[in-house]
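Shown next: input.cif, containing mmCIF, C-alpha atoms and all ligand atoms; chains and numbers go by the auth columns.
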```cif
data_data
#
loop_
_atom_site.group_PDB
_atom_site.id
_atom_site.type_symbol
_atom_site.label_atom_id
_atom_site.label_comp_id
_atom_site.label_asym_id
_atom_site.label_seq_id
_atom_site.Cartn_x
_atom_site.Cartn_y
_atom_site.Cartn_z
_atom_site.B_iso_or_equiv
_atom_site.auth_seq_id
_atom_site.auth_asym_id
ATOM 1 C CA MET A 1 26.149 3.461 18.274 0.00 63 A
ATOM 2 C CA ALA A 2 27.581 3.180 14.801 0.00 64 A
ATOM 3 C CA THR A 3 25.591 4.659 11.931 0.00 65 A
ATOM 4 C CA SER A 4 26.356 5.032 8.290 0.00 66 A
ATOM 5 C CA ASN A 5 24.599 6.389 5.268 0.00 67 A
ATOM 6 C CA GLY A 6 27.359 5.227 2.951 0.00 68 A
ATOM 7 C CA ASN A 7 26.551 3.233 -0.138 0.00 69 A
ATOM 8 C CA LYS A 8 22.785 2.641 0.200 0.00 70 A
ATOM 9 C CA LYS A 9 22.671 0.517 -2.961 0.00 71 A
ATOM 10 C CA ASN A 10 24.431 -2.245 -1.064 0.00 72 A
ATOM 11 C CA LEU A 11 21.864 -2.246 1.712 0.00 73 A
ATOM 12 C CA ASN A 12 18.779 -4.424 1.390 0.00 74 A
ATOM 13 C CA LEU A 13 16.385 -1.724 2.557 0.00 75 A
ATOM 14 C CA PRO A 14 12.740 -1.614 1.511 0.00 76 A
ATOM 15 C CA ARG A 15 12.321 0.647 -1.499 0.00 77 A
ATOM 16 C CA VAL A 16 8.569 1.159 -1.380 0.00 78 A
ATOM 17 C CA HIS A 17 6.320 1.380 1.672 0.00 79 A
ATOM 18 C CA CYS A 18 2.602 1.078 1.068 0.00 80 A
ATOM 19 C CA PHE A 19 0.169 1.958 3.843 0.00 81 A
ATOM 20 C CA ILE A 20 -3.407 0.705 3.479 0.00 82 A
ATOM 21 C CA CYS A 21 -6.123 1.944 5.806 0.00 83 A
ATOM 22 C CA ASN A 22 -7.814 -1.062 7.370 0.00 84 A
ATOM 23 C CA GLN A 23 -10.706 1.014 8.701 0.00 85 A
ATOM 24 C CA CYS A 24 -11.877 2.371 5.383 0.00 86 A
ATOM 25 C CA GLY A 25 -15.320 1.565 4.212 0.00 87 A
ATOM 26 C CA TYR A 26 -17.652 2.970 1.671 0.00 88 A
ATOM 27 C CA GLN A 27 -21.379 3.178 1.372 0.00 89 A
ATOM 28 C CA MET A 28 -22.815 0.068 -0.227 0.00 90 A
ATOM 29 C CA GLU A 29 -26.102 -0.020 -2.126 0.00 91 A
ATOM 30 C CA ASP A 30 -28.013 -1.124 0.976 0.00 92 A
ATOM 31 C CA GLY A 31 -26.704 1.914 2.892 0.00 93 A
ATOM 32 C CA GLU A 32 -24.332 -0.090 5.095 0.00 94 A
ATOM 33 C CA LYS A 33 -20.641 0.707 5.315 0.00 95 A
ATOM 34 C CA ASN A 34 -18.231 -1.967 4.131 0.00 96 A
ATOM 35 C CA HIS A 35 -15.475 -1.989 6.736 0.00 97 A
ATOM 36 C CA VAL A 36 -14.053 -5.389 5.883 0.00 98 A
ATOM 37 C CA GLU A 37 -12.793 -4.512 2.449 0.00 99 A
ATOM 38 C CA GLY A 38 -9.883 -2.292 3.500 0.00 100 A
ATOM 39 C CA LYS A 39 -8.445 -5.030 5.678 0.00 101 A
ATOM 40 C CA ASN A 40 -8.836 -7.644 2.938 0.00 102 A
ATOM 41 C CA PHE A 41 -7.315 -5.302 0.364 0.00 103 A
ATOM 42 C CA GLY A 42 -4.190 -4.925 2.474 0.00 104 A
ATOM 43 C CA LEU A 43 -3.856 -8.670 3.032 0.00 105 A
ATOM 44 C CA ILE A 44 -4.291 -9.495 -0.660 0.00 106 A
ATOM 45 C CA LEU A 45 -1.886 -6.752 -1.787 0.00 107 A
ATOM 46 C CA LYS A 46 0.702 -7.972 0.691 0.00 108 A
ATOM 47 C CA LYS A 47 0.499 -11.516 -0.716 0.00 109 A
ATOM 48 C CA ILE A 48 0.750 -10.267 -4.311 0.00 110 A
ATOM 49 C CA CYS A 49 3.807 -8.167 -3.443 0.00 111 A
ATOM 50 C CA GLN A 50 5.474 -11.058 -1.633 0.00 112 A
ATOM 51 C CA HIS A 51 5.209 -13.191 -4.779 0.00 113 A
ATOM 52 C CA ARG A 52 5.890 -10.490 -7.347 0.00 114 A
ATOM 53 C CA PHE A 53 8.793 -8.461 -5.947 0.00 115 A
ATOM 54 C CA PRO A 54 12.183 -9.374 -4.493 0.00 116 A
ATOM 55 C CA LYS A 55 12.034 -10.082 -0.792 0.00 117 A
ATOM 56 C CA GLY A 56 12.085 -6.929 1.282 0.00 118 A
ATOM 57 C CA HIS A 57 11.790 -4.447 -1.603 0.00 119 A
ATOM 58 C CA VAL A 58 8.138 -3.626 -0.900 0.00 120 A
ATOM 59 C CA LEU A 59 6.519 -3.461 2.505 0.00 121 A
ATOM 60 C CA VAL A 60 2.739 -3.328 2.836 0.00 122 A
ATOM 61 C CA TYR A 61 1.374 -2.093 6.122 0.00 123 A
ATOM 62 C CA GLN A 62 -2.148 -1.999 7.443 0.00 124 A
ATOM 63 C CA THR A 63 -2.790 1.208 9.272 0.00 125 A
ATOM 64 C CA SER A 64 -5.625 3.166 10.815 0.00 126 A
ATOM 65 C CA CYS A 65 -7.332 6.192 9.307 0.00 127 A
ATOM 66 C CA LEU A 66 -5.194 8.192 6.893 0.00 128 A
ATOM 67 C CA GLY A 67 -7.706 11.031 6.793 0.00 129 A
ATOM 68 C CA PHE A 68 -9.179 10.377 3.320 0.00 130 A
ATOM 69 C CA CYS A 69 -12.293 8.410 4.204 0.00 131 A
ATOM 70 C CA LYS A 70 -15.010 9.474 1.792 0.00 132 A
ATOM 71 C CA GLU A 71 -14.749 7.388 -1.390 0.00 133 A
ATOM 72 C CA GLY A 72 -13.318 3.978 -0.633 0.00 134 A
ATOM 73 C CA ILE A 73 -10.154 2.330 0.576 0.00 135 A
ATOM 74 C CA SER A 74 -7.279 4.775 1.087 0.00 136 A
ATOM 75 C CA SER A 75 -3.567 4.214 0.692 0.00 137 A
ATOM 76 C CA VAL A 76 -0.322 6.151 0.750 0.00 138 A
ATOM 77 C CA ILE A 77 2.850 5.024 -0.979 0.00 139 A
ATOM 78 C CA TYR A 78 6.250 6.243 0.184 0.00 140 A
ATOM 79 C CA PRO A 79 8.727 7.621 -0.651 0.00 141 A
ATOM 80 C CA GLN A 80 6.727 8.963 -3.624 0.00 142 A
ATOM 81 C CA GLN A 81 3.875 10.187 -1.376 0.00 143 A
ATOM 82 C CA ILE A 82 1.191 8.905 -3.745 0.00 144 A
ATOM 83 C CA ILE A 83 -2.280 8.928 -2.223 0.00 145 A
ATOM 84 C CA ASN A 84 -5.128 6.777 -3.577 0.00 146 A
ATOM 85 C CA THR A 85 -8.542 7.353 -2.051 0.00 147 A
ATOM 86 C CA SER A 86 -11.103 5.407 -4.070 0.00 148 A
ATOM 87 C CA LEU A 87 -9.775 1.877 -4.089 0.00 149 A
ATOM 88 C CA ARG A 88 -12.114 -1.101 -4.123 0.00 150 A
ATOM 89 C CA GLY A 89 -11.587 -4.777 -3.508 0.00 151 A
ATOM 90 C CA GLY A 90 -10.398 -6.362 -6.757 0.00 152 A
ATOM 91 C CA GLN A 91 -7.975 -3.542 -7.568 0.00 153 A
ATOM 92 C CA GLU A 92 -5.074 -5.082 -5.672 0.00 154 A
ATOM 93 C CA SER A 93 -3.297 -6.126 -8.884 0.00 155 A
ATOM 94 C CA GLN A 94 -3.591 -2.589 -10.251 0.00 156 A
ATOM 95 C CA MET A 95 -1.952 -1.309 -7.094 0.00 157 A
ATOM 96 C CA ALA A 96 0.828 -3.879 -7.495 0.00 158 A
ATOM 97 C CA ASP A 97 1.286 -2.670 -11.098 0.00 159 A
ATOM 98 C CA LEU A 98 1.710 0.884 -9.815 0.00 160 A
ATOM 99 C CA ILE A 99 4.278 -0.303 -7.286 0.00 161 A
ATOM 100 C CA ALA A 100 6.128 -2.146 -10.080 0.00 162 A
ATOM 101 C CA GLN A 101 6.273 1.074 -12.106 0.00 163 A
ATOM 102 C CA LEU A 102 7.599 2.966 -9.117 0.00 164 A
ATOM 103 C CA LEU A 103 10.287 0.345 -8.501 0.00 165 A
ATOM 104 C CA GLN A 104 11.311 0.515 -12.162 0.00 166 A
ATOM 105 C CA SER A 105 11.553 4.289 -12.044 0.00 167 A
ATOM 106 C CA MET A 106 13.898 4.012 -9.064 0.00 168 A
ATOM 107 C CA ASP A 107 16.456 1.857 -10.931 0.00 169 A
HETATM 108 S S1 LIG B . -11.063 5.354 7.629 0.00 1 B
HETATM 109 FE FE1 LIG B . -9.637 4.944 6.032 0.00 1 B
HETATM 110 S S2 LIG B . -8.744 6.870 5.564 0.00 1 B
HETATM 111 FE FE2 LIG B . -10.140 7.262 7.175 0.00 1 B
#
```
Show this structure as structure tokens.
Amino acid sequence: MATSNGNKKNLNLPRVHCFICNQCGYQMEDGEKNHVEGKNFGLILKKICQHRFPKGHVLVYQTSCLGFCKEGISSVIYPQQIINTSLRGGQESQMADLIAQLLQSMD
């Protein structure tokens, strides 16, 4: 097997990986847990990133519990290891803005 860690700038590797918990819910006013929102958040963020960033620069993954379940939808962004724990549906664009800032800071 041939491996190389030569000039990484020439490789088209993803630069940001964003994991969104698709099991997250939060207590709604009627006392029920909203478990759909985490899954929708991930799908919407993925579409925004596909349109906004160069192909392959940002990967959005849906994942199971990240261990931060209390407040809302949870996410982790790598390689910066940024954890967000209180996301709500409708904040997908804000998350994309954060990813844009991170990409800029990596240039
Ligand atoms: S269920 Fe989403 S972080 Fe635990």
Please give the centre and size of the box around segment 144-147 of chain A (axis-aligned, containing every atom listed in the file, 6 Å added per side), with values in Å to one decimal and written as JSON.
```
{"center_x": -3.7, "center_y": 7.9, "center_z": -2.9, "size_x": 21.7, "size_y": 14.2, "size_z": 13.7}
```
Can I get the residues close to ligand LIG 1 (chain B) as an mmCIF file with C-alpha atoms, in the frame of the given file, where close means within 10 Å and we count all atoms listed in the file?
```cif
data_model
loop_
_atom_site.group_PDB
_atom_site.id
_atom_site.type_symbol
_atom_site.label_atom_id
_atom_site.label_comp_id
_atom_site.auth_asym_id
_atom_site.auth_seq_id
_atom_site.Cartn_x
_atom_site.Cartn_y
_atom_site.Cartn_z
ATOM 1 C CA ILE A 82 -3.407 0.705 3.479
ATOM 2 C CA CYS A 83 -6.123 1.944 5.806
ATOM 3 C CA ASN A 84 -7.814 -1.062 7.370
ATOM 4 C CA GLN A 85 -10.706 1.014 8.701
ATOM 5 C CA CYS A 86 -11.877 2.371 5.383
ATOM 6 C CA GLY A 87 -15.320 1.565 4.212
ATOM 7 C CA TYR A 88 -17.652 2.970 1.671
ATOM 8 C CA HIS A 97 -15.475 -1.989 6.736
ATOM 9 C CA GLY A 100 -9.883 -2.292 3.500
ATOM 10 C CA THR A 125 -2.790 1.208 9.272
ATOM 11 C CA SER A 126 -5.625 3.166 10.815
ATOM 12 C CA CYS A 127 -7.332 6.192 9.307
ATOM 13 C CA LEU A 128 -5.194 8.192 6.893
ATOM 14 C CA GLY A 129 -7.706 11.031 6.793
ATOM 15 C CA PHE A 130 -9.179 10.377 3.320
ATOM 16 C CA CYS A 131 -12.293 8.410 4.204
ATOM 17 C CA LYS A 132 -15.010 9.474 1.792
ATOM 18 C CA GLU A 133 -14.749 7.388 -1.390
ATOM 19 C CA GLY A 134 -13.318 3.978 -0.633
ATOM 20 C CA ILE A 135 -10.154 2.330 0.576
ATOM 21 C CA SER A 136 -7.279 4.775 1.087
ATOM 22 C CA SER A 137 -3.567 4.214 0.692
ATOM 23 C CA VAL A 138 -0.322 6.151 0.750
ATOM 24 C CA ASN A 146 -5.128 6.777 -3.577
ATOM 25 C CA THR A 147 -8.542 7.353 -2.051
#
```
*How would you write, as a VMD selection string, the residues chosen by the PyMOL selection byres (((chain A and resi 72-81) around 6) and not hetatm) on this structure?*
chain A and resid 69 to 71 82 118 to 124 137 to 140
_Expand the PyMOL selection byres (((chain A and resi 110-113) around 10) and not hetatm) into the explicit residue set it covers here, and present it as a ChimeraX atom specification._
/A:104-109,114-122,154-155,157-159,161-162
*If I put a ball of radius 8 Å at (-11.5, -3.0, -1.2) in the file's coordinates, which residues poke into it when counting only C-alpha atoms, written as a PyMOL selection string?*
chain A and resi 98-103+134-135+149-153
